[in-house]
file entry.txt (compact mmCIF, C-alpha atoms)
# COMPACT_ATOMS: atom_id res chain seq x y z
CA MET R 1227 16.93 -5.61 -23.26
CA THR R 1228 13.82 -5.66 -21.08
CA ALA R 1229 14.00 -6.71 -17.44
CA LEU R 1230 12.06 -9.85 -16.61
CA ARG R 1231 10.66 -8.19 -13.51
CA PRO R 1232 11.06 -4.39 -13.33
CA HIS R 1233 11.42 -2.79 -9.92
CA ALA R 1234 8.20 -1.35 -8.52
CA GLU R 1235 9.33 2.26 -9.00
CA ASP R 1236 9.97 1.54 -12.70
CA GLN R 1237 6.93 -0.62 -13.40
CA TYR R 1238 4.52 1.82 -11.75
CA ALA R 1239 6.37 5.06 -12.51
CA GLU R 1240 3.31 6.64 -14.15
CA GLU R 1241 1.08 5.95 -11.16
CA LEU R 1242 3.70 7.31 -8.75
CA ALA R 1243 4.10 10.46 -10.85
CA LEU R 1244 0.33 10.90 -11.03
CA LEU R 1245 -0.01 10.62 -7.25
CA ALA R 1246 2.91 13.00 -6.65
CA ALA R 1247 1.41 15.63 -8.95
CA SER R 1248 -1.96 15.64 -7.17
CA ASP R 1249 -0.68 15.06 -3.63
CA ASP R 1250 -1.21 18.23 -1.59
CA ARG R 1251 -1.03 16.64 1.88
CA PRO R 1252 1.93 17.11 4.24
CA ARG R 1253 4.86 14.81 3.51
CA PRO R 1254 7.28 13.58 6.17
CA PRO R 1255 10.87 14.74 5.59
CA GLY R 1256 12.50 12.83 2.77
CA TRP R 1257 9.24 11.27 1.52
CA ARG R 1258 8.15 11.56 -2.10
CA LEU R 1259 4.48 11.11 -1.21
CA SER R 1260 2.29 11.83 1.79
CA PRO R 1261 1.31 8.86 3.97
CA GLN R 1262 -2.23 9.09 2.58
CA ALA R 1263 -0.94 8.89 -1.00
CA VAL R 1264 1.30 5.93 -0.12
CA VAL R 1265 -1.75 4.04 1.15
CA THR R 1266 -3.65 4.95 -2.02
CA TYR R 1267 -0.73 3.66 -4.11
CA LEU R 1268 -0.81 0.29 -2.33
CA LEU R 1269 -4.59 -0.18 -2.19
CA GLY R 1270 -5.61 1.62 -5.38
CA ASP R 1271 -8.25 4.29 -5.91
CA GLY R 1272 -10.70 2.39 -8.12
CA ALA R 1273 -9.67 4.45 -11.14
CA LYS R 1274 -6.14 5.17 -12.34
CA ILE R 1275 -4.21 3.68 -9.40
CA THR R 1276 -4.23 -0.12 -9.45
CA PRO R 1277 -4.25 -2.09 -6.18
CA LYS R 1278 -0.89 -3.62 -5.30
CA TYR R 1279 -2.14 -5.28 -2.12
CA VAL R 1280 -5.58 -6.61 -1.21
CA GLY R 1281 -6.11 -6.56 2.54
CA PRO R 1282 -7.30 -4.52 5.52
CA ARG R 1283 -6.82 -0.79 4.95
CA ARG R 1284 -6.10 -0.16 8.61
CA LEU R 1285 -3.23 -2.61 8.54
CA VAL R 1286 -1.59 -0.72 5.65
CA GLU R 1287 -2.20 2.60 7.42
CA VAL R 1288 -0.45 1.31 10.55
CA ALA R 1289 2.53 0.14 8.48
CA VAL R 1290 2.86 3.49 6.69
CA ALA R 1291 2.42 5.49 9.90
CA THR R 1292 5.18 3.41 11.53
CA LEU R 1293 7.63 4.38 8.80
CA ALA R 1294 6.87 8.05 9.48
CA THR R 1295 8.12 7.59 13.07
CA ASP R 1296 11.51 6.60 14.45
CA ARG R 1297 10.53 2.93 14.74
CA ALA R 1298 11.35 0.37 12.08
CA LEU R 1299 8.67 -1.86 10.55
CA LEU R 1300 8.62 -5.65 10.79
CA LEU R 1301 6.22 -7.39 8.41
CA LEU R 1302 5.42 -10.80 9.84
CA GLY R 1303 3.38 -13.62 8.32
CA VAL R 1304 3.33 -17.12 6.90
CA PRO R 1305 4.97 -17.67 3.49
CA GLY R 1306 3.03 -16.22 0.60
CA THR R 1307 1.31 -13.35 2.41
CA ALA R 1308 3.01 -10.71 0.21
CA LYS R 1309 5.52 -9.46 2.80
CA THR R 1310 8.25 -8.89 0.21
CA TRP R 1311 5.76 -7.43 -2.26
CA VAL R 1312 4.44 -4.93 0.30
CA SER R 1313 7.92 -3.93 1.48
CA GLU R 1314 9.05 -3.29 -2.09
CA HIS R 1315 6.06 -1.10 -2.89
CA LEU R 1316 6.35 0.83 0.37
CA ALA R 1317 9.99 1.62 -0.40
CA ALA R 1318 9.14 2.57 -3.99
CA ALA R 1319 6.36 4.93 -2.94
CA ILE R 1320 8.23 6.55 -0.06
CA SER R 1321 11.79 6.78 -1.43
CA GLY R 1322 11.46 6.04 -5.13
CA ASP R 1323 14.04 3.29 -4.66
CA SER R 1324 13.26 -0.29 -3.61
CA LYS R 1325 16.74 -1.62 -4.43
CA LEU R 1326 18.40 -0.95 -1.06
CA LEU R 1327 17.92 -4.58 -0.08
CA VAL R 1328 19.70 -7.07 2.17
CA GLN R 1329 18.66 -10.71 1.67
CA GLY R 1330 18.84 -12.45 5.02
CA THR R 1331 20.24 -16.00 5.13
CA ALA R 1332 22.05 -18.20 7.62
CA GLY R 1333 25.26 -17.00 5.97
CA THR R 1334 24.54 -13.27 6.12
CA ALA R 1335 27.62 -11.52 7.51
CA GLU R 1336 27.76 -8.33 9.56
CA GLU R 1337 29.30 -6.56 6.57
CA SER R 1338 26.00 -6.95 4.71
CA ILE R 1339 24.30 -4.80 7.35
CA ARG R 1340 27.11 -2.40 8.30
CA TYR R 1341 29.92 -2.08 5.73
CA GLY R 1342 32.82 -4.00 4.23
CA TRP R 1343 36.14 -3.20 2.59
CA ASN R 1344 37.70 -3.30 -0.84
CA TYR R 1345 40.69 -5.32 0.29
CA ALA R 1346 42.88 -4.40 -2.67
CA ARG R 1347 42.56 -0.70 -1.84
CA LEU R 1348 42.72 -1.42 1.88
CA LEU R 1349 46.08 -3.19 1.52
CA ALA R 1350 47.40 -0.53 -0.86
CA ASP R 1351 46.28 2.63 0.94
CA GLY R 1352 45.00 1.57 4.35
CA PRO R 1353 41.52 2.40 5.72
CA SER R 1354 39.90 5.20 3.74
CA ASP R 1355 36.54 6.31 2.40
CA ALA R 1356 37.57 5.01 -1.00
CA ALA R 1357 38.25 1.53 0.40
CA LEU R 1358 34.99 1.33 2.33
CA VAL R 1359 32.14 -0.65 0.72
CA ALA R 1360 28.82 0.63 2.02
CA SER R 1361 26.01 -1.81 2.71
CA PRO R 1362 22.51 -1.08 1.35
CA ILE R 1363 21.52 0.02 4.86
CA MET R 1364 24.45 2.45 5.08
CA ARG R 1365 23.53 3.87 1.66
CA ALA R 1366 19.93 4.30 2.80
CA MET R 1367 21.15 6.17 5.90
CA ARG R 1368 23.25 8.50 3.79
CA THR R 1369 20.44 9.30 1.34
CA GLY R 1370 17.52 9.34 3.77
CA SER R 1371 15.82 6.37 2.10
CA ILE R 1372 13.99 3.21 3.09
CA ALA R 1373 16.19 0.11 3.42
CA ARG R 1374 14.79 -3.43 3.26
CA LEU R 1375 15.94 -6.58 5.04
CA GLU R 1376 14.36 -9.84 3.91
CA GLU R 1377 13.97 -12.86 6.22
CA LEU R 1378 15.33 -11.22 9.35
CA THR R 1379 14.90 -14.33 11.51
CA ARG R 1380 17.19 -16.31 9.20
CA VAL R 1381 20.07 -13.94 9.97
CA PRO R 1382 22.39 -15.13 12.79
CA SER R 1383 21.57 -13.50 16.13
CA ASP R 1384 24.93 -11.75 16.52
CA VAL R 1385 24.52 -10.21 13.05
CA GLN R 1386 20.95 -9.15 13.82
CA ASP R 1387 22.23 -7.17 16.79
CA ALA R 1388 24.28 -4.97 14.47
CA LEU R 1389 20.95 -3.27 13.77
CA ILE R 1390 20.42 -2.11 17.36
CA THR R 1391 22.66 0.98 17.20
CA ILE R 1392 21.43 1.81 13.70
CA LEU R 1393 17.76 1.72 14.76
CA SER R 1394 18.12 3.32 18.20
CA GLU R 1395 20.83 5.93 17.63
CA LYS R 1396 20.28 6.33 13.86
CA THR R 1397 24.06 6.19 13.63
CA LEU R 1398 26.51 3.70 12.16
CA PRO R 1399 30.00 4.02 13.70
CA VAL R 1400 33.03 3.43 11.48
CA PRO R 1401 35.80 3.09 14.09
CA GLU R 1402 38.48 2.27 11.48
CA LEU R 1403 38.08 5.82 10.13
CA ASN R 1404 37.29 7.41 13.50
CA ASP R 1405 34.02 8.46 11.89
CA GLU R 1406 30.33 7.65 11.74
CA VAL R 1407 27.43 7.80 9.31
CA GLN R 1408 24.37 9.61 10.64
CA ALA R 1409 21.02 8.73 9.12
CA GLN R 1410 19.43 11.53 7.11
CA ARG R 1411 15.78 12.38 7.60
CA GLY R 1412 13.59 9.94 5.71
CA PHE R 1413 15.68 6.89 6.62
CA ASN R 1414 13.93 3.84 8.02
CA LEU R 1415 14.02 0.06 7.73
CA ILE R 1416 11.45 -2.50 6.64
CA ALA R 1417 12.22 -6.07 7.68
CA THR R 1418 10.26 -9.20 6.86
CA ALA R 1419 10.08 -12.45 8.79
CA ASN R 1420 8.36 -15.76 8.34
CA ASP R 1421 5.90 -16.92 11.01
CA ARG R 1422 7.10 -20.46 10.50
CA ASP R 1423 10.71 -19.49 11.20
CA ARG R 1424 10.10 -18.56 14.82
CA GLY R 1425 12.83 -20.16 16.84
CA VAL R 1426 15.33 -20.24 13.97
CA ASN R 1427 17.04 -17.07 15.15
CA GLU R 1428 14.68 -15.32 17.55
CA LEU R 1429 15.06 -11.57 17.80
CA SER R 1430 16.53 -10.30 21.04
CA SER R 1431 14.16 -8.27 23.19
CA ALA R 1432 16.38 -5.20 22.60
CA LEU R 1433 16.03 -5.54 18.84
CA ARG R 1434 12.35 -6.43 18.91
CA ARG R 1435 11.62 -3.18 20.78
CA ARG R 1436 13.03 -1.23 17.85
CA PHE R 1437 10.38 -2.64 15.52
CA ASN R 1438 6.67 -2.14 15.24
CA THR R 1439 5.33 -5.53 14.09
CA VAL R 1440 2.52 -5.75 11.55
CA VAL R 1441 1.16 -9.22 10.82
CA LEU R 1442 0.05 -9.75 7.24
CA PRO R 1443 -2.84 -12.27 7.22
CA MET R 1444 -3.90 -14.77 4.62
CA PRO R 1445 -6.78 -13.46 2.45
CA ALA R 1446 -9.94 -13.34 4.56
CA SER R 1447 -12.34 -14.75 1.96
CA ALA R 1448 -12.24 -16.95 -1.12
CA ASP R 1449 -13.40 -14.05 -3.30
CA GLU R 1450 -10.57 -11.89 -2.04
CA GLU R 1451 -8.01 -14.61 -2.73
CA VAL R 1452 -9.43 -15.27 -6.21
CA GLU R 1453 -9.13 -11.54 -6.96
CA ILE R 1454 -5.49 -11.50 -5.84
CA VAL R 1455 -4.58 -14.59 -7.86
CA ALA R 1456 -6.39 -13.40 -11.00
CA ARG R 1457 -4.68 -9.98 -10.90
CA ARG R 1458 -1.17 -11.33 -10.33
CA VAL R 1459 -1.59 -14.06 -12.95
CA SER R 1460 -2.60 -11.42 -15.48
CA GLN R 1461 0.44 -9.28 -14.61
CA LEU R 1462 2.83 -12.24 -14.72
CA GLY R 1463 1.43 -13.47 -18.01
CA ALA R 1464 2.04 -10.06 -19.56
CA SER R 1465 5.58 -9.73 -18.15
CA LEU R 1466 6.54 -13.24 -19.30
CA ASP R 1467 5.01 -12.70 -22.76
CA LEU R 1468 2.92 -15.82 -22.41
CA PRO R 1469 0.50 -16.33 -25.30
CA GLU R 1470 -2.87 -14.96 -24.27
CA VAL R 1471 -5.06 -17.56 -22.60
CA PRO R 1472 -8.76 -16.81 -22.16
CA THR R 1473 -9.52 -15.86 -18.57
CA ALA R 1474 -10.46 -19.03 -16.69
CA ILE R 1475 -11.83 -17.70 -13.44
CA GLU R 1476 -13.46 -21.07 -12.80
CA GLU R 1477 -10.07 -22.81 -12.67
CA ILE R 1478 -8.62 -20.05 -10.50
CA ARG R 1479 -11.52 -20.41 -8.09
CA ARG R 1480 -11.09 -24.18 -8.05
CA VAL R 1481 -7.38 -23.94 -7.20
CA VAL R 1482 -8.11 -21.37 -4.48
CA THR R 1483 -10.87 -23.60 -3.06
CA VAL R 1484 -8.54 -26.62 -2.90
CA PHE R 1485 -5.84 -24.56 -1.18
CA ARG R 1486 -8.21 -22.96 1.33
CA GLU R 1487 -9.89 -26.24 2.25
CA LEU R 1488 -6.64 -28.12 2.79
CA ARG R 1489 -5.12 -25.13 4.59
CA SER R 1490 -8.02 -24.87 7.05
CA GLY R 1491 -8.68 -28.60 7.38
CA LEU R 1492 -12.35 -28.08 6.56
CA THR R 1493 -14.47 -28.07 3.41
CA GLU R 1494 -16.17 -24.88 2.27
CA ASP R 1495 -19.55 -26.01 3.55
CA GLY R 1496 -18.10 -26.85 6.97
CA ARG R 1497 -19.37 -30.44 6.85
CA THR R 1498 -16.16 -32.42 6.35
CA LYS R 1499 -12.98 -32.23 8.37
CA LEU R 1500 -9.78 -32.75 6.43
CA LYS R 1501 -6.17 -33.52 7.15
CA SER R 1502 -3.81 -30.67 6.27
CA PRO R 1503 -0.54 -31.21 4.37
CA THR R 1504 2.85 -30.08 5.62
CA GLY R 1505 3.14 -27.22 3.09
CA THR R 1506 1.73 -23.73 3.51
CA LEU R 1507 -0.45 -23.69 0.35
CA SER R 1508 -0.06 -19.94 0.14
CA THR R 1509 -1.64 -17.51 -2.27
CA ALA R 1510 1.76 -17.18 -3.94
CA GLU R 1511 1.75 -20.91 -4.66
CA ALA R 1512 -1.75 -20.67 -6.13
CA ILE R 1513 -0.49 -17.93 -8.46
CA SER R 1514 2.40 -20.18 -9.50
CA VAL R 1515 0.06 -23.12 -10.19
CA ILE R 1516 -2.20 -21.02 -12.42
CA THR R 1517 0.71 -19.35 -14.25
CA ASN R 1518 2.25 -22.74 -14.98
CA GLY R 1519 -1.14 -23.99 -16.16
CA MET R 1520 -1.42 -21.01 -18.51
CA ALA R 1521 1.95 -21.88 -20.04
CA LEU R 1522 0.85 -25.49 -20.53
CA ALA R 1523 -2.46 -24.44 -22.08
CA ALA R 1524 -0.82 -21.93 -24.41
CA HIS R 1525 2.13 -24.01 -25.58
CA PHE R 1526 0.90 -27.60 -25.34
CA GLY R 1527 -2.90 -27.35 -25.25
CA ASP R 1528 -5.68 -25.71 -27.17
CA GLY R 1529 -5.21 -22.28 -25.60
CA THR R 1530 -7.92 -22.70 -22.97
CA LEU R 1531 -6.98 -23.30 -19.34
CA ARG R 1532 -8.43 -26.63 -18.26
CA ALA R 1533 -8.37 -28.89 -15.21
CA GLY R 1534 -5.58 -31.00 -16.68
CA ASP R 1535 -3.35 -27.93 -16.97
CA VAL R 1536 -3.51 -27.16 -13.26
CA ALA R 1537 -3.76 -30.68 -11.77
CA SER R 1538 -0.05 -31.48 -11.84
CA GLY R 1539 0.80 -28.06 -10.42
CA ILE R 1540 -1.58 -28.56 -7.51
CA LEU R 1541 -0.12 -32.00 -6.88
CA GLY R 1542 3.38 -30.51 -6.68
CA ALA R 1543 2.20 -27.76 -4.32
CA VAL R 1544 0.32 -30.10 -1.97
CA VAL R 1545 2.60 -33.14 -1.86
CA LYS R 1546 5.86 -31.91 -0.36
CA ASP R 1547 6.34 -35.07 1.71
CA PRO R 1548 5.54 -38.06 -0.56
CA VAL R 1549 4.46 -40.23 2.37
CA SER R 1550 2.30 -38.10 4.68
CA ASP R 1551 1.17 -35.53 2.11
CA GLY R 1552 0.41 -38.25 -0.43
CA VAL R 1553 -2.07 -39.78 1.99
CA VAL R 1554 -3.68 -36.37 2.63
CA TRP R 1555 -4.04 -35.68 -1.09
CA ARG R 1556 -5.50 -39.07 -2.00
CA GLU R 1557 -7.99 -38.87 0.86
CA TYR R 1558 -9.05 -35.38 -0.26
CA LEU R 1559 -9.51 -36.54 -3.86
CA GLU R 1560 -11.65 -39.53 -2.91
CA THR R 1561 -13.77 -38.00 -0.14
CA VAL R 1562 -14.25 -34.43 -1.41
CA VAL R 1563 -13.33 -33.93 -5.07
CA ARG R 1564 -14.91 -37.14 -6.30
CA GLU R 1565 -18.23 -36.23 -4.69
CA ARG R 1566 -18.55 -32.91 -6.56
CA PRO R 1567 -20.29 -33.56 -9.90
CA ASP R 1568 -18.90 -30.42 -11.55
CA TRP R 1569 -15.35 -31.39 -10.47
CA LEU R 1570 -15.17 -34.77 -12.24
CA ASP R 1571 -12.80 -33.43 -14.92
CA PHE R 1572 -10.47 -32.21 -12.20
CA TYR R 1573 -10.79 -35.49 -10.28
CA ARG R 1574 -9.75 -37.52 -13.33
CA ALA R 1575 -6.88 -35.15 -14.19
CA ALA R 1576 -5.60 -35.10 -10.59
CA ARG R 1577 -5.86 -38.86 -10.25
CA ASP R 1578 -3.95 -39.39 -13.49
CA ALA R 1579 -1.31 -36.86 -12.45

call {"tool": "encode", "arguments": {"input": "entry.txt", "output": "structure tokens"}}
result
Amino acid sequence: MTALRPHAEDQYAEELALLAASDDRPRPPGWRLSPQAVVTYLLGDGAKITPKYVGPRRLVEVAVATLATDRALLLLGVPGTAKTWVSEHLAAAISGDSKLLVQGTAGTAEESIRYGWNYARLLADGPSDAALVASPIMRAMRTGSIARLEELTRVPSDVQDALITILSEKTLPVPELNDEVQAQRGFNLIATANDRDRGVNELSSALRRRFNTVVLPMPASADEEVEIVARRVSQLGASLDLPEVPTAIEEIRRVVTVFRELRSGLTEDGRTKLKSPTGTLSTAEAISVITNGMALAAHFGDGTLRAGDVASGILGAVVKDPVSDGVVWREYLETVVRERPDWLDFYRAARDA
């Protein structure tokens, strides 16, 4: 069987091997690639290494340099800015393993960050190494690898603080065994957090000091966002075995334009102010709209991506609150979309949707 979405280290194994073979720069202890090669892996080289992230090079360099120090990395940004994607590829390039992952939720327990117990063995034999169930972070400490923690600010504050000793002392005490796990060289942690979740479970000042925060921005220009969407749509289409749909860069650009205008509250030409909906209208959502449109075009259309294939997807992305967002969307259709002669097909499809 073939995995629906291979891990980064599997999907891009050839590129990682190619970089490792030609990488003659110094590597931090425990790293499979030099920091320079890790940056090349993420941003591409214009030839055999494909870009995994499109954004400021300096920002990626700061993130990689942080992981070479004793400070953990916190990737911060609004939803859809590729925080999870970047963290996965950083872990794959540095450790060759992106699977040491803790998914943060309101129900995340301390055991998910420290360790738990196999209670059958615990009751039978008492506390022992065999009864201990290591968390992904403990396993990363033992192997000198990069651990990942998604949605850190969703984790309850008292559970968050379990990280303080791990990040400051690089040690995880196991008092039940009168023992401890010391992090091997190469260990570090990448956490992600959502800008819009500030105040859900704010990080304590003690924990925040253990992180170097890198803010991942939305794409700076429409062209940059179109490039990101087109590349990811192509990758997703291949992985999902969608029937091939002719590249429709015009529809991709139209979706990106709608998202950027509503996100910023201003039309591209700067002449018309707009109301913004409650949703984020992220690049990730634009990718989802286009991918869904491709499926519609391939399975229920004539094989060409058209305005009607993306209209319903855009409607679902924009109108999260039927009352307030519905007003925003209808106003945008009538005052902006309707006035663009080359958008009349989209106007009719969106109005019908």

call {"tool": "residues_around", "arguments": {"input": "entry.txt", "residues": "Gly1529 (chain R)", "least_positions_apart": "4", "cutoff": "12 Å", "atoms": "only C-alpha atoms", "output": "short mmCIF file (atom, residue, chain, number, x, y, z; two decimals) with C-alpha atoms, keeping the file's coordinate frame"}}
result
data_model
loop_
_atom_site.label_atom_id
_atom_site.label_comp_id
_atom_site.auth_asym_id
_atom_site.auth_seq_id
_atom_site.Cartn_x
_atom_site.Cartn_y
_atom_site.Cartn_z
CA LEU R 1468 2.92 -15.82 -22.41
CA PRO R 1469 0.50 -16.33 -25.30
CA GLU R 1470 -2.87 -14.96 -24.27
CA VAL R 1471 -5.06 -17.56 -22.60
CA PRO R 1472 -8.76 -16.81 -22.16
CA THR R 1473 -9.52 -15.86 -18.57
CA ALA R 1474 -10.46 -19.03 -16.69
CA GLY R 1519 -1.14 -23.99 -16.16
CA MET R 1520 -1.42 -21.01 -18.51
CA ALA R 1521 1.95 -21.88 -20.04
CA LEU R 1522 0.85 -25.49 -20.53
CA ALA R 1523 -2.46 -24.44 -22.08
CA ALA R 1524 -0.82 -21.93 -24.41
CA HIS R 1525 2.13 -24.01 -25.58
CA ASP R 1535 -3.35 -27.93 -16.97
#

call {"tool": "closest_residue", "arguments": {"input": "entry.txt", "among": "R:Thr1530, R:Asn1427, R:Thr1307, R:Thr1506", "to": "Asp1551 (chain R)", "atoms": "all atoms listed in the file"}}
result
R:Thr1506

call {"tool": "atom_distance", "arguments": {"input": "entry.txt", "atom1": "CA of Lys1325 (chain R)", "atom2": "CA of Asp1249 (chain R)"}}
result
24.1 Å

call {"tool": "residues_around", "arguments": {"input": "entry.txt", "residues": "Arg1380 (chain R)", "least_positions_apart": "6", "cutoff": "12 Å", "atoms": "all atoms listed in the file", "output": "PyMOL selection string"}}
result
chain R and resi 1328-1335+1386+1417-1429

call {"tool": "residues_around", "arguments": {"input": "entry.txt", "residues": "Ala1579 (chain R)", "least_positions_apart": "6", "cutoff": "12 Å", "atoms": "only C-alpha atoms", "output": "VMD selection string"}}
result
chain R and resid 1533 to 1542 1545 1555 to 1556 1559 1572 to 1573

call {"tool": "atom_distance", "arguments": {"input": "entry.txt", "atom1": "CA of Asp1568 (chain R)", "atom2": "CA of Arg1480 (chain R)"}}
result
10.6 Å

call {"tool": "atom_distance", "arguments": {"input": "entry.txt", "atom1": "CA of Ile1416 (chain R)", "atom2": "CA of Leu1299 (chain R)"}}
result
4.8 Å

call {"tool": "closest_residue", "arguments": {"input": "entry.txt", "among": "R:Val1563, R:Leu1507, R:Leu1242, R:Leu1230", "to": "Asp1323 (chain R)", "atoms": "only C-alpha atoms"}}
result
R:Leu1242

call {"tool": "closest_residue", "arguments": {"input": "entry.txt", "among": "R:Asp1387, R:Glu1314, R:Glu1406, R:Glu1557", "to": "Arg1374 (chain R)", "atoms": "all atoms listed in the file"}}
result
R:Glu1314

call {"tool": "residues_around", "arguments": {"input": "entry.txt", "residues": "Arg1479 (chain R)", "least_positions_apart": "4", "cutoff": "7 Å", "atoms": "all atoms listed in the file", "output": "PDB file with C-alpha atoms, keeping the file's coordinate frame"}}
result
ATOM      1  CA  VAL R1452      -9.430 -15.270  -6.210  1.00  0.00           C
ATOM      2  CA  ILE R1475     -11.830 -17.700 -13.440  1.00  0.00           C
ATOM      3  CA  THR R1483     -10.870 -23.600  -3.060  1.00  0.00           C
TER       4      THR R1483
END

call {"tool": "closest_residue", "arguments": {"input": "entry.txt", "among": "R:Arg1435, R:Thr1504, R:Ala1373, R:Val1441", "to": "Ala1318 (chain R)", "atoms": "all atoms listed in the file"}}
result
R:Ala1373

call {"tool": "residues_near_point", "arguments": {"input": "entry.txt", "point": "(-10.0, -13.3, 0.2)", "cutoff": "12 Å", "atoms": "all atoms listed in the file", "output": "list in words"}}
result
Tyr1279, Val1280, Gly1281, Pro1282, Thr1307, Pro1443, Met1444, Pro1445, Ala1446, Ser1447, Ala1448, Asp1449, Glu1450, Glu1451, Val1452, Glu1453, Ile1454, Val1455, Ala1456, Arg1479, Val1482, Thr1483, Arg1486, Ser1508 and Thr1509 of chain R

call {"tool": "decode", "arguments": {"input": "entry.txt", "residues": "region 1564-1570 of chain R", "atoms": "all heavy atoms", "output": "tab-separated table (two decimals), in the first residue's frame"}}
result
chain	number	residue	atom	x	y	z
R	1564	ARG	N	-18.49	42.05	-10.04
R	1564	ARG	CA	-19.41	42.37	-11.13
R	1564	ARG	C	-18.86	43.44	-12.07
R	1564	ARG	O	-19.20	43.47	-13.26
R	1564	ARG	CB	-20.74	42.83	-10.53
R	1564	ARG	CG	-21.85	43.01	-11.55
R	1564	ARG	CD	-23.12	43.42	-10.87
R	1564	ARG	NE	-24.22	43.51	-11.80
R	1564	ARG	CZ	-25.46	43.84	-11.46
R	1564	ARG	NH1	-25.75	44.10	-10.18
R	1564	ARG	NH2	-26.41	43.92	-12.36
R	1565	GLU	N	-18.00	44.29	-11.55
R	1565	GLU	CA	-17.46	45.40	-12.34
R	1565	GLU	C	-16.24	45.02	-13.16
R	1565	GLU	O	-15.69	45.85	-13.87
R	1565	GLU	CB	-17.11	46.57	-11.41
R	1565	GLU	CG	-18.30	47.11	-10.61
R	1565	GLU	CD	-19.45	47.55	-11.51
R	1565	GLU	OE1	-19.17	48.22	-12.53
R	1565	GLU	OE2	-20.60	47.21	-11.22
R	1566	ARG	N	-15.78	43.79	-13.06
R	1566	ARG	CA	-14.62	43.34	-13.82
R	1566	ARG	C	-15.10	42.54	-15.03
R	1566	ARG	O	-15.58	41.41	-14.88
R	1566	ARG	CB	-13.70	42.48	-12.95
R	1566	ARG	CG	-13.03	43.30	-11.84
R	1566	ARG	CD	-12.26	42.42	-10.87
R	1566	ARG	NE	-11.50	43.25	-9.93
R	1566	ARG	CZ	-10.96	42.81	-8.80
R	1566	ARG	NH1	-11.07	41.53	-8.46
R	1566	ARG	NH2	-10.30	43.63	-8.01
R	1567	PRO	N	-14.98	43.09	-16.24
R	1567	PRO	CA	-15.53	42.43	-17.43
R	1567	PRO	C	-15.03	41.00	-17.63
R	1567	PRO	O	-15.79	40.13	-18.05
R	1567	PRO	CB	-15.07	43.34	-18.57
R	1567	PRO	CG	-14.86	44.68	-17.93
R	1567	PRO	CD	-14.37	44.40	-16.55
R	1568	ASP	N	-13.74	40.76	-17.33
R	1568	ASP	CA	-13.19	39.42	-17.55
R	1568	ASP	C	-13.50	38.45	-16.40
R	1568	ASP	O	-13.05	37.31	-16.41
R	1568	ASP	CB	-11.68	39.48	-17.78
R	1568	ASP	CG	-10.96	40.21	-16.66
R	1568	ASP	OD1	-11.61	40.99	-15.93
R	1568	ASP	OD2	-9.74	40.00	-16.51
R	1569	TRP	N	-14.30	38.93	-15.42
R	1569	TRP	CA	-14.69	38.08	-14.29
R	1569	TRP	C	-16.17	37.73	-14.33
R	1569	TRP	O	-16.71	37.21	-13.36
R	1569	TRP	CB	-14.36	38.77	-12.97
R	1569	TRP	CG	-12.93	38.70	-12.56
R	1569	TRP	CD1	-11.84	38.79	-13.37
R	1569	TRP	CD2	-12.40	38.53	-11.24
R	1569	TRP	NE1	-10.67	38.71	-12.66
R	1569	TRP	CE2	-10.99	38.54	-11.33
R	1569	TRP	CE3	-12.99	38.38	-10.00
R	1569	TRP	CZ2	-10.16	38.42	-10.24
R	1569	TRP	CZ3	-12.17	38.25	-8.89
R	1569	TRP	CH2	-10.77	38.25	-9.00
R	1570	LEU	N	-16.87	38.01	-15.42
R	1570	LEU	CA	-18.31	37.79	-15.46
R	1570	LEU	C	-18.67	36.31	-15.29
R	1570	LEU	O	-19.69	35.98	-14.68
R	1570	LEU	CB	-18.89	38.34	-16.76
R	1570	LEU	CG	-18.96	39.86	-16.87
R	1570	LEU	CD1	-19.56	40.28	-18.20
R	1570	LEU	CD2	-19.77	40.44	-15.70
